[in-house]
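The next block is run_34.csv, given as CSV, C-alpha atoms.
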```csv
chain,number,residue,atom,x,y,z
A,15,MET,CA,-55.1,36.1,36.2
A,16,ARG,CA,-55.5,39.7,37.3
A,17,LYS,CA,-52.4,41.8,37.8
A,18,GLU,CA,-51.9,42.7,41.5
A,19,LYS,CA,-52.7,46.3,42.2
A,20,ALA,CA,-50.3,48.8,43.9
A,21,ILE,CA,-51.0,49.3,47.6
A,22,ARG,CA,-52.3,52.9,47.0
A,23,ASN,CA,-54.5,51.8,44.1
A,24,LYS,CA,-58.1,51.9,45.5
A,25,THR,CA,-59.9,51.2,42.2
A,26,LEU,CA,-62.9,48.9,42.8
A,27,ASP,CA,-62.9,46.2,40.2
A,28,ILE,CA,-64.0,43.0,41.9
A,29,THR,CA,-65.8,40.3,39.9
A,30,VAL,CA,-69.3,39.1,40.2
A,31,GLU,CA,-68.0,35.9,41.8
A,32,GLU,CA,-66.1,37.9,44.4
A,33,GLY,CA,-69.1,40.1,45.2
A,34,ARG,CA,-72.0,37.6,44.8
A,35,GLU,CA,-73.2,38.6,48.3
A,36,TYR,CA,-73.7,42.2,47.1
A,37,LEU,CA,-75.6,41.1,43.9
A,38,GLN,CA,-78.1,39.4,46.2
A,39,ASN,CA,-79.1,42.8,47.6
A,40,CYS,CA,-80.4,43.9,44.2
A,41,LEU,CA,-83.9,43.6,42.8
A,42,THR,CA,-84.7,42.1,39.4
A,43,ALA,CA,-87.7,42.2,37.0
A,44,GLU,CA,-89.1,39.2,38.9
A,45,ASP,CA,-89.6,41.2,42.1
A,46,ALA,CA,-92.6,43.4,42.8
A,47,LEU,CA,-91.5,46.7,41.4
A,48,SER,CA,-94.8,48.5,41.2
A,49,SER,CA,-94.7,49.6,44.8
A,50,LYS,CA,-92.7,52.7,45.7
A,51,GLU,CA,-91.9,51.2,49.2
A,52,ASN,CA,-90.3,48.1,47.5
A,53,ILE,CA,-87.9,50.0,45.3
A,54,ILE,CA,-86.7,52.9,47.4
A,55,ASN,CA,-83.0,52.6,48.2
A,56,LYS,CA,-82.6,49.7,45.9
A,57,THR,CA,-80.5,48.8,42.9
A,58,ILE,CA,-82.5,47.0,40.2
A,59,CYS,CA,-80.4,44.7,38.0
A,60,GLY,CA,-81.9,44.5,34.6
A,61,ASP,CA,-82.4,46.2,31.2
A,62,THR,CA,-83.8,49.7,31.7
A,63,PHE,CA,-86.3,49.4,28.8
A,64,GLN,CA,-87.7,46.2,30.3
A,65,ILE,CA,-87.8,47.6,33.9
A,66,LEU,CA,-89.3,51.0,33.4
A,67,PRO,CA,-92.8,49.8,32.6
A,68,LEU,CA,-92.9,47.9,35.9
A,69,LEU,CA,-92.2,50.9,38.1
A,70,PRO,CA,-94.8,53.0,39.9
A,71,ARG,CA,-96.0,56.3,38.5
A,72,ASN,CA,-95.2,59.8,39.9
A,73,PHE,CA,-92.6,58.7,42.4
A,74,VAL,CA,-89.5,60.6,41.2
A,75,ASP,CA,-88.5,64.0,42.6
A,76,LEU,CA,-85.2,64.2,40.7
A,77,LEU,CA,-84.1,62.4,37.6
A,78,ILE,CA,-80.4,62.0,36.8
A,79,VAL,CA,-79.6,60.3,33.6
A,80,ASP,CA,-76.1,59.4,32.3
A,81,PRO,CA,-77.1,57.4,29.1
A,82,PRO,CA,-74.6,55.7,26.8
A,83,TYR,CA,-73.1,58.5,24.7
A,84,ASN,CA,-73.3,57.8,20.9
A,85,LEU,CA,-69.9,56.3,20.8
A,86,ASN,CA,-68.4,52.8,20.5
A,87,LYS,CA,-68.0,51.7,24.1
A,88,ASP,CA,-67.5,48.4,25.9
A,89,TYR,CA,-69.2,48.2,29.3
A,90,ASP,CA,-67.6,45.1,30.7
A,91,GLY,CA,-68.7,43.0,27.8
A,92,LYS,CA,-71.9,44.8,27.0
A,93,LYS,CA,-71.2,47.0,24.0
A,94,PHE,CA,-72.9,50.1,22.9
A,95,CYS,CA,-72.2,50.8,19.2
A,96,ALA,CA,-72.4,54.3,17.6
A,97,ILE,CA,-75.5,54.7,15.6
A,98,SER,CA,-76.8,57.5,13.2
A,99,ASP,CA,-78.0,60.7,14.7
A,100,GLU,CA,-81.6,59.8,13.7
A,101,GLU,CA,-81.3,56.4,15.5
A,102,TYR,CA,-79.8,58.1,18.6
A,103,GLU,CA,-82.7,60.6,18.6
A,104,GLU,CA,-85.1,57.7,18.5
A,105,TYR,CA,-83.2,56.0,21.4
A,106,THR,CA,-83.3,59.1,23.5
A,107,THR,CA,-87.0,59.7,22.7
A,108,LYS,CA,-87.8,56.1,23.8
A,109,TRP,CA,-86.3,56.3,27.3
A,110,ILE,CA,-87.7,59.8,27.9
A,111,GLU,CA,-91.2,58.7,27.0
A,112,MET,CA,-91.0,55.7,29.2
A,113,ILE,CA,-89.6,57.7,32.2
A,114,LYS,CA,-91.8,60.8,32.0
A,115,PRO,CA,-94.8,59.1,33.7
A,116,LEU,CA,-92.6,58.2,36.6
A,117,LEU,CA,-91.9,61.8,37.5
A,118,LYS,CA,-93.7,64.1,39.8
A,119,ASN,CA,-95.0,67.3,38.3
A,120,THR,CA,-92.4,69.2,40.4
A,121,ALA,CA,-89.5,67.0,39.3
A,122,SER,CA,-86.2,68.2,37.9
A,123,VAL,CA,-84.2,66.4,35.2
A,124,TYR,CA,-80.5,66.3,34.5
A,125,VAL,CA,-79.1,64.5,31.5
A,126,CYS,CA,-75.3,64.0,30.9
A,127,CYS,CA,-73.9,64.0,27.4
A,128,ASP,CA,-70.8,64.7,25.3
A,129,TRP,CA,-70.8,67.5,22.7
A,130,LYS,CA,-72.1,65.4,19.9
A,131,SER,CA,-75.0,63.8,21.7
A,132,SER,CA,-75.7,67.1,23.4
A,133,LEU,CA,-77.0,68.5,20.1
A,134,ILE,CA,-79.5,65.7,19.9
A,135,ILE,CA,-80.5,65.3,23.5
A,136,GLY,CA,-81.2,69.1,24.0
A,137,ASN,CA,-83.6,69.1,21.1
A,138,VAL,CA,-85.5,66.1,22.3
A,139,LEU,CA,-85.7,67.3,25.9
A,140,LYS,CA,-87.4,70.5,24.9
A,141,LYS,CA,-90.3,68.5,23.4
A,142,TYR,CA,-91.1,67.0,26.7
A,143,PHE,CA,-89.8,69.3,29.4
A,144,LYS,CA,-89.0,72.9,30.2
A,145,VAL,CA,-85.3,73.3,29.5
A,146,GLN,CA,-83.8,75.6,32.1
A,147,ASN,CA,-80.1,75.6,31.3
A,148,ARG,CA,-77.1,73.7,29.9
A,149,ILE,CA,-74.2,73.1,32.2
A,150,THR,CA,-70.7,72.5,30.8
A,151,TRP,CA,-68.1,70.9,33.0
A,152,GLN,CA,-64.4,70.6,32.5
A,153,ARG,CA,-62.8,67.1,32.5
A,154,GLU,CA,-59.1,67.5,33.2
A,155,LYS,CA,-58.5,64.1,31.6
A,156,GLY,CA,-58.8,63.3,27.9
A,157,ARG,CA,-56.8,62.2,25.0
A,158,GLY,CA,-55.1,64.7,22.7
A,159,ALA,CA,-55.8,64.9,19.0
A,160,LYS,CA,-53.4,65.5,16.2
A,161,ALA,CA,-55.9,67.3,13.9
A,162,ASN,CA,-58.5,68.6,16.4
A,163,TRP,CA,-58.9,70.2,19.8
A,164,LYS,CA,-58.7,68.0,22.8
A,165,ASN,CA,-62.1,67.0,24.0
A,166,ALA,CA,-62.1,68.1,27.6
A,167,MET,CA,-65.7,69.2,28.2
A,168,GLU,CA,-69.1,67.5,28.8
A,169,ASP,CA,-72.6,68.9,29.0
A,170,ILE,CA,-75.4,68.3,31.5
A,171,TRP,CA,-78.9,69.5,30.4
A,172,PHE,CA,-81.1,70.9,33.2
A,173,ALA,CA,-84.8,70.7,32.6
A,174,THR,CA,-88.0,70.6,34.7
A,175,ASN,CA,-91.4,69.0,34.4
A,176,SER,CA,-93.1,72.2,35.2
A,177,ASP,CA,-92.5,75.8,36.3
A,178,VAL,CA,-92.7,74.6,39.9
A,179,TYR,CA,-89.4,73.0,41.0
A,180,THR,CA,-86.7,72.9,43.7
A,181,PHE,CA,-83.5,74.9,43.4
A,182,ASN,CA,-81.5,75.3,46.6
A,183,LEU,CA,-79.0,78.0,45.7
A,184,GLU,CA,-77.4,78.3,49.1
A,185,GLN,CA,-76.5,74.6,49.1
A,186,VAL,CA,-74.4,74.8,45.9
A,187,LYS,CA,-72.4,77.9,46.3
A,188,LEU,CA,-68.7,77.7,45.6
A,189,LYS,CA,-66.1,78.8,48.1
A,190,LYS,CA,-63.1,80.5,46.5
A,191,LYS,CA,-60.0,82.1,47.8
A,192,VAL,CA,-60.1,85.9,47.4
A,193,LEU,CA,-57.1,87.2,45.4
A,194,ALA,CA,-57.9,90.9,45.6
A,195,PRO,CA,-59.8,91.5,48.9
A,196,TYR,CA,-61.9,94.7,48.5
A,197,LYS,CA,-63.2,96.6,51.5
A,198,VAL,CA,-66.0,99.2,52.0
A,199,ASN,CA,-65.7,101.4,55.1
A,200,GLY,CA,-62.9,99.1,56.3
A,201,LYS,CA,-65.1,96.0,56.1
A,202,PRO,CA,-64.9,93.0,53.7
A,203,LYS,CA,-67.0,93.4,50.6
A,204,ASP,CA,-68.6,90.0,49.7
A,205,TRP,CA,-65.9,88.0,51.4
A,206,GLU,CA,-64.9,86.8,54.8
A,207,GLU,CA,-61.6,86.2,56.6
A,208,THR,CA,-61.2,82.8,58.4
A,209,SER,CA,-58.3,81.1,60.2
A,210,THR,CA,-57.4,79.5,56.9
A,211,GLY,CA,-57.6,82.5,54.7
A,212,LYS,CA,-59.9,84.9,52.9
A,213,TYR,CA,-62.9,83.4,51.0
A,214,ARG,CA,-65.8,84.4,48.9
A,215,LYS,CA,-69.0,82.4,48.5
A,216,THR,CA,-70.0,82.7,44.9
A,217,CYS,CA,-73.2,81.8,43.1
A,218,PRO,CA,-72.7,78.8,40.8
A,219,SER,CA,-72.6,79.3,37.1
A,220,ASN,CA,-73.3,76.9,34.3
A,221,PHE,CA,-69.6,76.3,33.7
A,222,TRP,CA,-67.9,74.1,36.2
A,223,ASP,CA,-64.1,73.9,36.3
A,224,ASP,CA,-63.8,72.6,39.9
A,225,ILE,CA,-64.5,68.9,39.2
A,226,SER,CA,-61.8,66.2,39.6
A,227,ILE,CA,-62.3,63.0,37.6
A,228,PRO,CA,-61.9,59.9,39.9
A,229,TYR,CA,-58.4,58.4,39.6
A,230,TRP,CA,-56.7,55.2,40.9
A,231,SER,CA,-55.8,56.5,44.4
A,232,MET,CA,-59.3,57.9,45.2
A,233,ALA,CA,-61.6,55.8,47.3
A,234,GLU,CA,-64.6,56.5,45.0
A,235,ASN,CA,-62.8,55.2,41.9
A,236,THR,CA,-64.0,52.1,40.0
A,237,ALA,CA,-63.0,50.4,36.8
A,238,HIS,CA,-66.2,51.7,35.1
A,239,PRO,CA,-65.1,53.4,31.8
A,240,THR,CA,-67.4,56.4,32.1
A,241,GLN,CA,-67.8,56.9,35.9
A,242,LYS,CA,-69.0,60.3,37.0
A,243,PRO,CA,-67.4,62.1,40.0
A,244,GLU,CA,-69.3,62.1,43.3
A,245,LYS,CA,-68.8,65.9,43.5
A,246,LEU,CA,-70.4,66.4,40.1
A,247,ILE,CA,-73.5,64.4,41.1
A,248,ALA,CA,-73.6,66.0,44.6
A,249,LYS,CA,-74.1,69.4,43.0
A,250,LEU,CA,-77.2,68.2,41.1
A,251,ILE,CA,-78.7,66.5,44.1
A,252,LEU,CA,-78.2,69.3,46.5
A,253,ALA,CA,-79.5,71.9,44.1
A,254,SER,CA,-82.6,70.1,42.9
A,255,SER,CA,-83.8,67.9,45.8
A,256,ASN,CA,-84.4,68.0,49.5
A,257,VAL,CA,-83.6,65.5,52.3
A,258,GLY,CA,-85.9,62.6,52.0
A,259,ASP,CA,-86.7,63.2,48.3
A,260,VAL,CA,-86.4,60.3,45.8
A,261,VAL,CA,-83.7,60.4,43.1
A,262,PHE,CA,-83.9,58.0,40.1
A,263,ASP,CA,-81.1,57.0,37.8
A,264,PRO,CA,-82.1,54.6,35.0
A,265,PHE,CA,-78.5,54.1,33.8
A,266,LEU,CA,-76.8,53.6,37.2
A,267,GLY,CA,-73.4,52.3,36.2
A,268,SER,CA,-71.1,51.8,39.1
A,269,GLY,CA,-73.6,53.5,41.4
A,270,THR,CA,-72.4,57.1,41.9
A,271,THR,CA,-75.9,58.6,42.1
A,272,ALA,CA,-77.0,56.1,44.7
A,273,VAL,CA,-73.9,56.5,46.8
A,274,VAL,CA,-74.2,60.3,46.8
A,275,CYS,CA,-77.9,60.1,47.7
A,276,LYS,CA,-77.0,57.9,50.7
A,277,LYS,CA,-74.4,60.3,51.8
A,278,LEU,CA,-76.7,63.3,51.5
A,279,GLY,CA,-79.9,61.8,53.0
A,280,ARG,CA,-81.9,61.3,49.8
A,281,GLY,CA,-83.8,58.2,48.8
A,282,TYR,CA,-82.6,56.5,45.6
A,283,CYS,CA,-83.5,54.0,43.0
A,284,GLY,CA,-81.4,52.9,40.0
A,285,ILE,CA,-81.4,50.5,37.2
A,286,GLU,CA,-78.2,48.8,35.9
A,287,GLN,CA,-78.1,45.9,33.5
A,288,ASN,CA,-74.5,44.8,34.2
A,289,GLU,CA,-74.2,42.5,37.2
A,290,ARG,CA,-70.6,43.4,37.9
A,291,TYR,CA,-71.5,47.1,38.0
A,292,CYS,CA,-74.4,46.3,40.4
A,293,VAL,CA,-71.9,44.6,42.7
A,294,TRP,CA,-69.6,47.6,42.7
A,295,CYS,CA,-72.6,49.9,43.4
A,296,GLU,CA,-73.7,47.8,46.4
A,297,LYS,CA,-70.1,47.6,47.7
A,298,ARG,CA,-69.8,51.4,47.5
A,299,LEU,CA,-73.2,51.8,49.3
A,300,GLU,CA,-71.9,49.6,52.1
A,301,THR,CA,-68.8,51.8,52.4
A,302,ALA,CA,-71.0,54.9,52.5
A,303,GLU,CA,-72.6,53.6,55.7
A,304,ASN,CA,-69.6,54.9,57.6
A,305,ASP,CA,-68.0,57.3,55.2
A,306,LYS,CA,-70.1,60.3,54.2
A,307,THR,CA,-67.3,62.4,52.8
A,308,ILE,CA,-67.5,63.7,49.2
A,309,GLN,CA,-64.2,64.9,47.7
A,310,GLY,CA,-64.4,68.6,47.1
A,311,TYR,CA,-67.4,69.2,49.3
A,312,ALA,CA,-67.0,70.2,53.0
A,313,ASP,CA,-68.6,72.5,55.6
A,314,GLY,CA,-71.7,72.9,53.4
A,315,PHE,CA,-69.7,74.3,50.4
A,316,PHE,CA,-68.1,73.2,47.2
A,317,TRP,CA,-64.5,74.1,47.3
A,318,ALA,CA,-62.4,75.2,44.3
A,319,ARG,CA,-60.2,72.4,43.1
A,320,ASN,CA,-56.8,72.1,44.8
A,321,SER,CA,-57.9,74.7,47.4
A,322,GLY,CA,-56.4,72.6,50.2
A,323,ASN,CA,-59.8,72.2,52.0
A,324,ILE,CA,-61.3,69.3,49.9
A,325,HIS,CA,-60.4,66.5,52.3
A,326,LYS,CA,-62.2,68.0,55.4
A,327,LYS,CA,-65.3,66.2,56.5
A,328,SER,CA,-68.7,67.8,55.9
```

Have the structure of the file written as structure tokens, please.
Amino acid sequence: MRKEKAIRNKTLDITVEEGREYLQNCLTAEDALSSKENIINKTICGDTFQILPLLPRNFVDLLIVDPPYNLNKDYDGKKFCAISDEEYEEYTTKWIEMIKPLLKNTASVYVCCDWKSSLIIGNVLKKYFKVQNRITWQREKGRGAKANWKNAMEDIWFATNSDVYTFNLEQVKLKKKVLAPYKVNGKPKDWEETSTGKYRKTCPSNFWDDISIPYWSMAENTAHPTQKPEKLIAKLILASSNVGDVVFDPFLGSGTTAVVCKKLGRGYCGIEQNERYCVWCEKRLETAENDKTIQGYADGFFWARNSGNIHKKS
């Protein structure tokens, strides 16, 4: 018997039985998956390595991958066990080689990883793509360690299929409060004054310290053990795709990529083998029909964490 949640606890953790209607929205390997029209804006429930060969070629504008890190992790009964570096390299190479034919020549690729798997994934990516950068983002959560530094960072590798790709700089600028407003000839230098204060729109770097991990009182939170924040994924989608483009996520989890795509007007397709996570994804997509807000993103800008403006609607 499940423990009753506190009233303010918004964590999504319904069972497959409770969300059977949502699971029925998903496609499976038995459906016709070779047509782009059939799979756009769909969650595919099944094993990624079995589904990938069934998908159409050259349909992906943006690939976002959050594969299992090389750690012992229980995904609601489906366990991923840590393997040797050589085996993890083979695992990474396998999914990359299967996904690459699905990408357009102009596609961009983002791959999430921890510091250990980052060493392996970065080396494999450069064999198949043009590696453009490595983003490091700060997780304010994390367990302490008695004989080591607390692990509070993760990486995201940014690569492209060719030298021609999308990057929308203006859509991913960060809005920060100005602590030392500087003026030239009496006019603001690179900042503006608004009714709520003085702000500067800054170009994004490859270090992100403005991300909040979903927690129990946030509407986007689920019981998934490695859920990525919507704000994090929104940055990738806004930077490297345009409205109407197709974003593909082969390890969809609780559906963050799909949900953010829906909120930002992108097409999506994702694969997830766990039925319960598929239920959560479809439930979140239903909620996104009427709620387009993304925590930390408003008025066309990403706001610094705890800036006081993160709950405004965009």

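With distances taken over all atoms listed in the file, A:Thr240 is the one residue among A:Thr301, A:Thr240, A:Gln185, A:Asn119 lying closest to Pro81 in chain A.
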
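With distances taken from (-79.2, 71.4, 33.7) and restricted to only C-alpha atoms, the residues inside 7 Å are Tyr124, Gln146, Asn147, Arg148, Ile149, Ile170, Trp171, Phe172 and Ala173 of chain A.
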
Q) Separation of CA of Leu69 in chain A and CA of Tyr36 in chain A, in Å? A) 22.3 Å

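Across A:Ala312, A:Val261, A:Ile285, A:Ile58, the tightest approach to Leu188 in chain A is made by A:Ala312 when counting all atoms listed in the file.
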
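Nearest residue to Gly281 in chain A, choosing from A:Pro239, A:Gly258, A:Pro195, A:Pro115 and counting all atoms listed in the file: A:Gly258.
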
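Interatomic distance, CA of Val74 in chain A to CA of Asp99 in chain A: 28.9 Å.
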
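Close to (-64.1, 78.0, 46.4), meaning no more than 10 Å away when counting all atoms listed in the file, sit the residues Lys187, Leu188, Lys189, Lys190, Lys191, Val192, Tyr213, Arg214, Lys215, Thr216, Asp224, Gly310, Tyr311, Phe315, Phe316, Trp317, Ala318, Arg319, Asn320, Ser321, Asn323 and Ile324 of chain A.
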
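Every protein or nucleic acid residue with an atom no more than 8 Å from Asn55 in chain A, counting all atoms listed in the file and leaving out same-chain residues fewer than 6 positions away, appears here: A:Ala272, A:Gly281, A:Tyr282, A:Cys283.
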
Q) Between A:Lys141, A:Ser268, A:Phe73, A:Val273, which has the minimum distance to Val293 in chain A (counting all atoms listed in the file)? A) A:Ser268

Q | Length of the CA of Ser226 in chain A to CA of Thr271 in chain A vector [Å] | A | 16.2 Å

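Closest approach to Leu139 in chain A among A:Pro243, A:Asn220, A:Glu111, A:Ser48 is made by A:Glu111 (distances from all atoms listed in the file).
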
Q: Would you mind listing what lies within 10 Å of Tyr142 in chain A as JSON, numbers by chain, with only C-alpha atoms counted and same-chain residues fewer than 2 positions away left out?
A: {"A": [107, 110, 111, 114, 137, 138, 139, 140, 144, 145, 173, 174, 175]}

Q) Between A:Lys212, A:Arg153, A:Lys297, A:Lys24, which one has atoms that come closest to Lys242 in chain A, using all atoms listed in the file? A) A:Arg153

Q) Quick one: residues within 12 Å of Ile308 in chain A, all atoms listed in the file counted, chain neighbours fewer than 6 positions away excluded, as a PyMOL selection string? A) chain A and resi 225-226+228+232-234+243-249+270+273-278+302+314-317+323-328

Atoms to include: C-alpha atoms. Write the selected residues as a tab-separated table (two decimals), keeping the file's coordinate frame.
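Output file selection05.tsv is given in full below:
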```tsv
chain	number	residue	atom	x	y	z
A	225	ILE	CA	-64.50	68.90	39.20
A	226	SER	CA	-61.80	66.20	39.60
A	228	PRO	CA	-61.90	59.90	39.90
A	232	MET	CA	-59.30	57.90	45.20
A	233	ALA	CA	-61.60	55.80	47.30
A	234	GLU	CA	-64.60	56.50	45.00
A	243	PRO	CA	-67.40	62.10	40.00
A	244	GLU	CA	-69.30	62.10	43.30
A	245	LYS	CA	-68.80	65.90	43.50
A	246	LEU	CA	-70.40	66.40	40.10
A	247	ILE	CA	-73.50	64.40	41.10
A	248	ALA	CA	-73.60	66.00	44.60
A	249	LYS	CA	-74.10	69.40	43.00
A	270	THR	CA	-72.40	57.10	41.90
A	273	VAL	CA	-73.90	56.50	46.80
A	274	VAL	CA	-74.20	60.30	46.80
A	275	CYS	CA	-77.90	60.10	47.70
A	276	LYS	CA	-77.00	57.90	50.70
A	277	LYS	CA	-74.40	60.30	51.80
A	278	LEU	CA	-76.70	63.30	51.50
A	302	ALA	CA	-71.00	54.90	52.50
A	314	GLY	CA	-71.70	72.90	53.40
A	315	PHE	CA	-69.70	74.30	50.40
A	316	PHE	CA	-68.10	73.20	47.20
A	317	TRP	CA	-64.50	74.10	47.30
A	323	ASN	CA	-59.80	72.20	52.00
A	324	ILE	CA	-61.30	69.30	49.90
A	325	HIS	CA	-60.40	66.50	52.30
A	326	LYS	CA	-62.20	68.00	55.40
A	327	LYS	CA	-65.30	66.20	56.50
A	328	SER	CA	-68.70	67.80	55.90
```
